Amino acid sequence: MDIQQFLSLDDTQCEERIVAAKAALGKRLIILGHHYQRDEVFKHADYTGDSLKLSRQAAQSGAEYIIFCGVHFMAEVAEILSNSEQIAILPDLAAGCSMADMANLEKVEQAWRELPAEHITPITYINSAADLKAFCGRNGGIVCTSTNAQQVLEWAFSQREKVLFFPDQHLGRNTTYRMGIPLEQMALWDFDKPNGGSTPEQIKAAKTILWDGFCSVHQQFMPEHIDQFRADYPDGKVISHPECPFEVCQKSDEVGSTEYIIKTINASPPGTRWLVGTEVNLVNRLAQESKSENKFVDYMAPIVCKCSTMYRIDPQHLLWTLENLLDGKVVNQIKVAPQVAAEARLALERMFEVSP
Ligand code: CIZ
Ligand code: SF4
């Protein structure tokens with residue numbers, strides 16, 4: 001079945017057929033929906049959550065087909081953690097993550113050659129390709145998520161005196177600063193320059209070496225947005241994702257992952273007004289859900305800019321994958337080479353040990 005014939009369907013037509021296909025596939029299938037997915041897709045998910053929670057659920061489910069409504073690295077993690085009979089599917093292969101793409105194996109290996117590697121633990125944020133997780137696996141390193149970054153970093157520093165943190169500079173900076181490492185002991189690694197654009201003295205002084213990557217969605221949030229909100233609502237609370245710039249996190253009352261943001265807003269008393277710095281689909285959903293408890297949830301930026309790659313997963317692509325499965329055909333399977341998967345699993349398992 002060609003995707004073209006699905007692209008002209010409207011969302012309502014897709015909805016009915018998605019429900020029917022799901023029912024027909026029954027327990028053979030599990031649909032995972034990341035918090036950043038649009039509602040028309042999110043509502044079909046059997047499980048919702050952050051990337052790690054979803055991958056673990058997929059592996060435990062035993063379902064034959066795992067459709068990951070999220071982005072590429074997430075489907076890879078599901079593939080790595082699931083058993084060899086399970087098949088991970090990403091409805092649109094163009095759903096990547098621009099931040100994950102800012103680091104690649106060639107550049108990381110180059111950095112590793114230029115740095116005093118024997119003193120460094122490499123850490124990759126889960127938002128990265130499988131071969132970078134594998135790099136960490138074979139070099140005594142580890143994976144982290146935005147939920148467990150601090151625990152993982154504590155472990156990393158207990159292994160060696162420095163860390164190389166990629167691809168997100170903000171998560172690395174915000175977390176290590178919170179752990180007491182001053183900005184002067186952080187170096188930014190510009191992967192397009194020889195020696196990362198750093199002098200040997202800068203690297204010697206650095207405890208945290210931050211890859212010069214970022215999330216273009218979270219980088220839009222500005223301290224001025226918080227200043228304006230505080231001027232308008234002096235009693236309001238601000239919560240930001242650690243992928244936001246340093247100044248934004250410094251000005252926020254709370255900083256945490258998607259799971260943390262949801263938990264914190266849910267636990268706040270009725271009447272609380274929140275300014276939230278993370279992807280708009282999650283913020284809108286929180287705004288809707290907390291209305292009944294008389295809570296107010298505002299999006300941090302004045303202009304709404306979605307994660308364009310998350311947005312690629314639409315009902316049309318979801319339906320296309322489902323009806324192909326009904327037809328006995330697997331489309332958009334995400335595969336990871338066995339050697340890469342084994343080494344990546346090593347880095348993921350270290351993370352599970354540190355942060356069960
Ligand atoms: O790990 C995830 O799912 C991401 C990308 C963000 C978060 O904070 O949950
Ligand atoms: Fe990647 Fe940012 Fe989109 Fe998350 S919101 S998937 S980090 S580009």
# chains A, B, ... in the order shown; residues from 1 in each chain; ligands from 1
$ residues_near_ligand --ligand "ligand 1" --cutoff "9 Å" --atoms "only C-alpha atoms and all ligand atoms" --output "MDAnalysis selection string"
chainID A and resid 34:36 49:54 70:71 74 125:127 144:147 241:243 256:261 278
$ residues_near_ligand --ligand "ligand 2" --cutoff "7 Å" --atoms "only C-alpha atoms and all ligand atoms" --output "JSON, numbers by chain"
{"A": [71, 97, 98, 99, 100, 127, 215, 216, 217, 218, 279, 307, 308, 309, 310]}
$ write_last_selection --atoms "N, CA and C atoms" --output "short mmCIF file (atom, residue, chain, number, x, y, z; two decimals), in the first residue's frame"
data_model
loop_
_atom_site.label_atom_id
_atom_site.label_comp_id
_atom_site.auth_asym_id
_atom_site.auth_seq_id
_atom_site.Cartn_x
_atom_site.Cartn_y
_atom_site.Cartn_z
N VAL A 71 10.13 10.08 17.77
CA VAL A 71 11.16 10.32 16.75
C VAL A 71 12.15 9.15 16.70
N CYS A 97 15.42 13.91 15.01
CA CYS A 97 15.51 14.91 16.07
C CYS A 97 16.71 15.76 15.71
N SER A 98 16.46 17.05 15.48
CA SER A 98 17.55 17.91 14.98
C SER A 98 18.68 17.98 16.01
N MET A 99 18.33 17.89 17.29
CA MET A 99 19.40 17.90 18.29
C MET A 99 20.25 16.63 18.20
N ALA A 100 19.59 15.49 18.10
CA ALA A 100 20.33 14.22 18.01
C ALA A 100 21.28 14.26 16.81
N ASN A 127 18.67 11.30 23.53
CA ASN A 127 18.42 11.90 22.20
C ASN A 127 19.68 11.81 21.35
N CYS A 215 18.55 21.96 21.33
CA CYS A 215 17.23 21.70 20.74
C CYS A 215 16.67 23.03 20.25
N SER A 216 16.33 23.07 18.97
CA SER A 216 15.87 24.34 18.40
C SER A 216 14.51 24.75 18.96
N VAL A 217 13.76 23.80 19.48
CA VAL A 217 12.45 24.13 20.08
C VAL A 217 12.69 24.77 21.46
N HIS A 218 13.47 24.13 22.29
CA HIS A 218 13.68 24.65 23.66
C HIS A 218 14.58 25.88 23.69
N GLU A 279 7.80 21.60 24.78
CA GLU A 279 7.10 21.49 23.50
C GLU A 279 5.60 21.76 23.64
N CYS A 307 7.76 21.17 17.62
CA CYS A 307 8.86 20.32 17.18
C CYS A 307 8.44 19.75 15.83
N SER A 308 9.07 20.23 14.77
CA SER A 308 8.58 19.90 13.43
C SER A 308 8.78 18.43 13.10
N THR A 309 9.73 17.79 13.74
CA THR A 309 9.95 16.38 13.43
C THR A 309 8.94 15.50 14.18
N MET A 310 8.64 15.87 15.41
CA MET A 310 7.59 15.15 16.14
C MET A 310 6.26 15.25 15.38
#
$ residues_around --residues "A:Glu343" --least-positions-apart "2" --cutoff "6 Å" --atoms "only C-alpha atoms" --output "list of chain:residue names"
A:Ala134, A:Gly137, A:Val340, A:Ala341, A:Arg345, A:Leu346
$ select_by_dssp --residues "stretch 1-157 of chain A" --states "helix (DSSP H, G or I)" --output "MDAnalysis selection string"
chainID A and resid 4:7 11:28 39:42 51:61 72:81 100:102 105:114 117:119 130:138 149:157
$ atom_distance --atom1 "atom CA of A:Ala78" --atom2 "atom CA of A:Ser158"
28.7 Å
$ residues_around --residues "A:Pro223" --least-positions-apart "4" --cutoff "12 Å" --atoms "only C-alpha atoms" --output "PyMOL selection string"
chain A and resi 219+227-230+238+240+244-252+275+277+300-301
$ write_last_selection --atoms "N, CA and C atoms" --output "mmCIF file, in the first residue's frame"
data_model
loop_
_atom_site.group_PDB
_atom_site.id
_atom_site.type_symbol
_atom_site.label_atom_id
_atom_site.label_comp_id
_atom_site.auth_asym_id
_atom_site.auth_seq_id
_atom_site.Cartn_x
_atom_site.Cartn_y
_atom_site.Cartn_z
ATOM 1 N N GLN A 219 15.365 26.056 22.641
ATOM 2 C CA GLN A 219 16.244 27.224 22.623
ATOM 3 C C GLN A 219 15.475 28.520 22.361
ATOM 4 N N ASP A 227 10.366 37.065 32.657
ATOM 5 C CA ASP A 227 10.238 38.388 33.301
ATOM 6 C C ASP A 227 8.835 38.953 33.069
ATOM 7 N N GLN A 228 8.358 38.831 31.828
ATOM 8 C CA GLN A 228 7.040 39.353 31.497
ATOM 9 C C GLN A 228 5.953 38.629 32.298
ATOM 10 N N PHE A 229 6.060 37.312 32.370
ATOM 11 C CA PHE A 229 5.086 36.507 33.109
ATOM 12 C C PHE A 229 5.083 36.899 34.591
ATOM 13 N N ARG A 230 6.280 37.066 35.140
ATOM 14 C CA ARG A 230 6.364 37.415 36.575
ATOM 15 C C ARG A 230 5.775 38.810 36.837
ATOM 16 N N VAL A 238 7.014 29.090 37.427
ATOM 17 C CA VAL A 238 7.638 28.826 36.128
ATOM 18 C C VAL A 238 8.334 27.468 36.169
ATOM 19 N N SER A 240 10.533 24.729 33.611
ATOM 20 C CA SER A 240 11.204 24.603 32.316
ATOM 21 C C SER A 240 11.869 23.251 32.171
ATOM 22 N N CYS A 244 16.304 23.811 27.961
ATOM 23 C CA CYS A 244 16.212 25.265 27.772
ATOM 24 C C CYS A 244 17.552 25.908 28.117
ATOM 25 N N PRO A 245 17.798 27.119 27.581
ATOM 26 C CA PRO A 245 19.058 27.803 27.898
ATOM 27 C C PRO A 245 19.252 28.012 29.403
ATOM 28 N N PHE A 246 20.512 28.178 29.766
ATOM 29 C CA PHE A 246 20.911 28.329 31.177
ATOM 30 C C PHE A 246 20.119 29.433 31.890
ATOM 31 N N GLU A 247 20.024 30.617 31.263
ATOM 32 C CA GLU A 247 19.378 31.764 31.920
ATOM 33 C C GLU A 247 17.898 31.474 32.175
ATOM 34 N N VAL A 248 17.280 30.740 31.281
ATOM 35 C CA VAL A 248 15.866 30.383 31.456
ATOM 36 C C VAL A 248 15.724 29.452 32.655
ATOM 37 N N CYS A 249 16.577 28.461 32.731
ATOM 38 C CA CYS A 249 16.490 27.518 33.858
ATOM 39 C C CYS A 249 16.808 28.223 35.173
ATOM 40 N N GLN A 250 17.773 29.147 35.125
ATOM 41 C CA GLN A 250 18.119 29.895 36.340
ATOM 42 C C GLN A 250 16.930 30.703 36.849
ATOM 43 N N LYS A 251 16.141 31.218 35.939
ATOM 44 C CA LYS A 251 14.996 32.056 36.340
ATOM 45 C C LYS A 251 13.741 31.247 36.663
ATOM 46 N N SER A 252 13.791 29.953 36.447
ATOM 47 C CA SER A 252 12.590 29.133 36.655
ATOM 48 C C SER A 252 12.502 28.659 38.108
ATOM 49 N N LEU A 275 3.793 28.850 34.014
ATOM 50 C CA LEU A 275 4.393 29.149 32.711
ATOM 51 C C LEU A 275 5.320 27.974 32.415
ATOM 52 N N GLY A 277 7.975 25.875 29.917
ATOM 53 C CA GLY A 277 8.914 25.926 28.800
ATOM 54 C C GLY A 277 9.244 24.537 28.289
ATOM 55 N N MET A 300 5.463 29.137 27.167
ATOM 56 C CA MET A 300 6.427 30.192 27.484
ATOM 57 C C MET A 300 6.693 31.187 26.355
ATOM 58 N N ALA A 301 6.729 30.729 25.125
ATOM 59 C CA ALA A 301 7.097 31.661 24.054
ATOM 60 C C ALA A 301 5.864 32.339 23.474
#
$ select_by_dssp --residues "stretch 85-131 of chain A" --states "strand (DSSP E)" --output "number ranges by chain"
A: 87-89, 120-125
$ atom_distance --atom1 "atom CA of A:Ile87" --atom2 "atom CA of A:Thr124"
24.5 Å
$ atom_distance --atom1 "atom CA of A:Met102" --atom2 "atom CA of A:Ile262"
27.7 Å
$ closest_residue --among "A:Thr208, A:Gly271, A:Ile3, A:Phe166" --to "A:Ser292" --atoms "only C-alpha atoms"
A:Gly271
$ residues_around --residues "A:Asp10" --least-positions-apart "6" --cutoff "12 Å" --atoms "only C-alpha atoms" --output "ChimeraX atom specification"
/A:16-17,40,314-317,319
$ write_last_selection --atoms "C-alpha atoms" --output "PDB file, in the first residue's frame"
ATOM      1  CA  GLU A  16     -12.163   5.480  12.290  1.00  0.00           C
ATOM      2  CA  ARG A  17      -9.815   3.291  10.298  1.00  0.00           C
ATOM      3  CA  GLU A  40      -4.855  13.199  16.893  1.00  0.00           C
ATOM      4  CA  ASP A 314       0.301  12.241  11.642  1.00  0.00           C
ATOM      5  CA  PRO A 315      -2.842  10.073  11.564  1.00  0.00           C
ATOM      6  CA  GLN A 316      -2.259   9.385   7.853  1.00  0.00           C
ATOM      7  CA  HIS A 317       1.154   7.804   8.437  1.00  0.00           C
ATOM      8  CA  LEU A 319      -2.975   4.483   9.490  1.00  0.00           C
TER       9      LEU A 319
END
$ residues_around --residues "A:His72" --least-positions-apart "2" --cutoff "9 Å" --atoms "only C-alpha atoms" --output "mmCIF file with N, CA, C and O atoms, in the first residue's frame"
data_model
loop_
_atom_site.group_PDB
_atom_site.id
_atom_site.type_symbol
_atom_site.label_atom_id
_atom_site.label_comp_id
_atom_site.auth_asym_id
_atom_site.auth_seq_id
_atom_site.Cartn_x
_atom_site.Cartn_y
_atom_site.Cartn_z
ATOM 1 N N PHE A 68 6.136 3.224 17.335
ATOM 2 C CA PHE A 68 6.573 4.319 18.198
ATOM 3 C C PHE A 68 6.168 5.646 17.564
ATOM 4 O O PHE A 68 6.726 6.044 16.542
ATOM 5 N N GLY A 70 6.801 8.925 17.860
ATOM 6 C CA GLY A 70 7.826 9.772 18.473
ATOM 7 C C GLY A 70 8.856 10.046 17.396
ATOM 8 O O GLY A 70 8.497 10.175 16.231
ATOM 9 N N MET A 74 14.056 7.251 19.475
ATOM 10 C CA MET A 74 13.179 6.565 20.436
ATOM 11 C C MET A 74 12.843 5.160 19.928
ATOM 12 O O MET A 74 12.868 4.188 20.689
ATOM 13 N N ALA A 75 12.534 5.079 18.636
ATOM 14 C CA ALA A 75 12.226 3.766 18.061
ATOM 15 C C ALA A 75 13.470 2.873 18.105
ATOM 16 O O ALA A 75 13.370 1.662 18.315
ATOM 17 N N GLU A 76 14.633 3.488 17.960
ATOM 18 C CA GLU A 76 15.878 2.701 18.076
ATOM 19 C C GLU A 76 16.037 2.134 19.485
ATOM 20 O O GLU A 76 16.409 0.969 19.652
ATOM 21 N N VAL A 77 15.746 2.944 20.485
ATOM 22 C CA VAL A 77 15.881 2.446 21.868
ATOM 23 C C VAL A 77 14.883 1.307 22.099
ATOM 24 O O VAL A 77 15.224 0.287 22.712
ATOM 25 N N LEU A 90 8.562 3.097 13.018
ATOM 26 C CA LEU A 90 8.381 4.547 13.129
ATOM 27 C C LEU A 90 7.499 4.970 11.944
ATOM 28 O O LEU A 90 7.906 4.805 10.797
ATOM 29 N N ASP A 92 6.798 7.592 10.292
ATOM 30 C CA ASP A 92 7.412 8.398 9.225
ATOM 31 C C ASP A 92 8.914 8.451 9.487
ATOM 32 O O ASP A 92 9.345 8.972 10.528
ATOM 33 N N LEU A 93 9.684 7.940 8.546
ATOM 34 C CA LEU A 93 11.142 7.860 8.767
ATOM 35 C C LEU A 93 11.797 9.239 8.799
ATOM 36 O O LEU A 93 12.933 9.377 9.230
ATOM 37 N N ALA A 94 11.070 10.252 8.355
ATOM 38 C CA ALA A 94 11.636 11.604 8.405
ATOM 39 C C ALA A 94 11.496 12.227 9.796
ATOM 40 O O ALA A 94 11.926 13.359 10.019
ATOM 41 N N ALA A 95 10.886 11.495 10.722
ATOM 42 C CA ALA A 95 10.751 12.023 12.079
ATOM 43 C C ALA A 95 12.057 11.793 12.840
ATOM 44 O O ALA A 95 12.209 10.825 13.572
ATOM 45 N N GLY A 96 12.990 12.689 12.620
ATOM 46 C CA GLY A 96 14.273 12.610 13.337
ATOM 47 C C GLY A 96 14.244 13.567 14.505
ATOM 48 O O GLY A 96 13.184 13.996 14.955
ATOM 49 N N CYS A 97 15.418 13.907 15.012
ATOM 50 C CA CYS A 97 15.508 14.909 16.075
ATOM 51 C C CYS A 97 16.707 15.763 15.708
ATOM 52 O O CYS A 97 17.819 15.250 15.594
ATOM 53 N N ALA A 129 21.834 9.016 18.240
ATOM 54 C CA ALA A 129 21.765 7.805 17.423
ATOM 55 C C ALA A 129 22.330 6.609 18.195
ATOM 56 O O ALA A 129 23.147 6.773 19.112
ATOM 57 N N ILE A 334 12.446 -0.186 12.148
ATOM 58 C CA ILE A 334 13.709 0.404 12.609
ATOM 59 C C ILE A 334 14.617 -0.734 13.066
ATOM 60 O O ILE A 334 14.276 -1.490 13.988
#
$ residues_around --residues "A:Ile66" --least-positions-apart "3" --cutoff "6 Å" --atoms "only C-alpha atoms" --output "PyMOL selection string"
chain A and resi 30+87-89
$ closest_residue --among "A:His44, A:Arg28, A:Arg273, A:His170" --to "A:Ile239" --atoms "only C-alpha atoms"
A:Arg273
$ closest_residue --among "A:Arg350, A:Lys204, A:Arg173, A:Lys335" --to "A:Ser84" --atoms "only C-alpha atoms"
A:Lys335
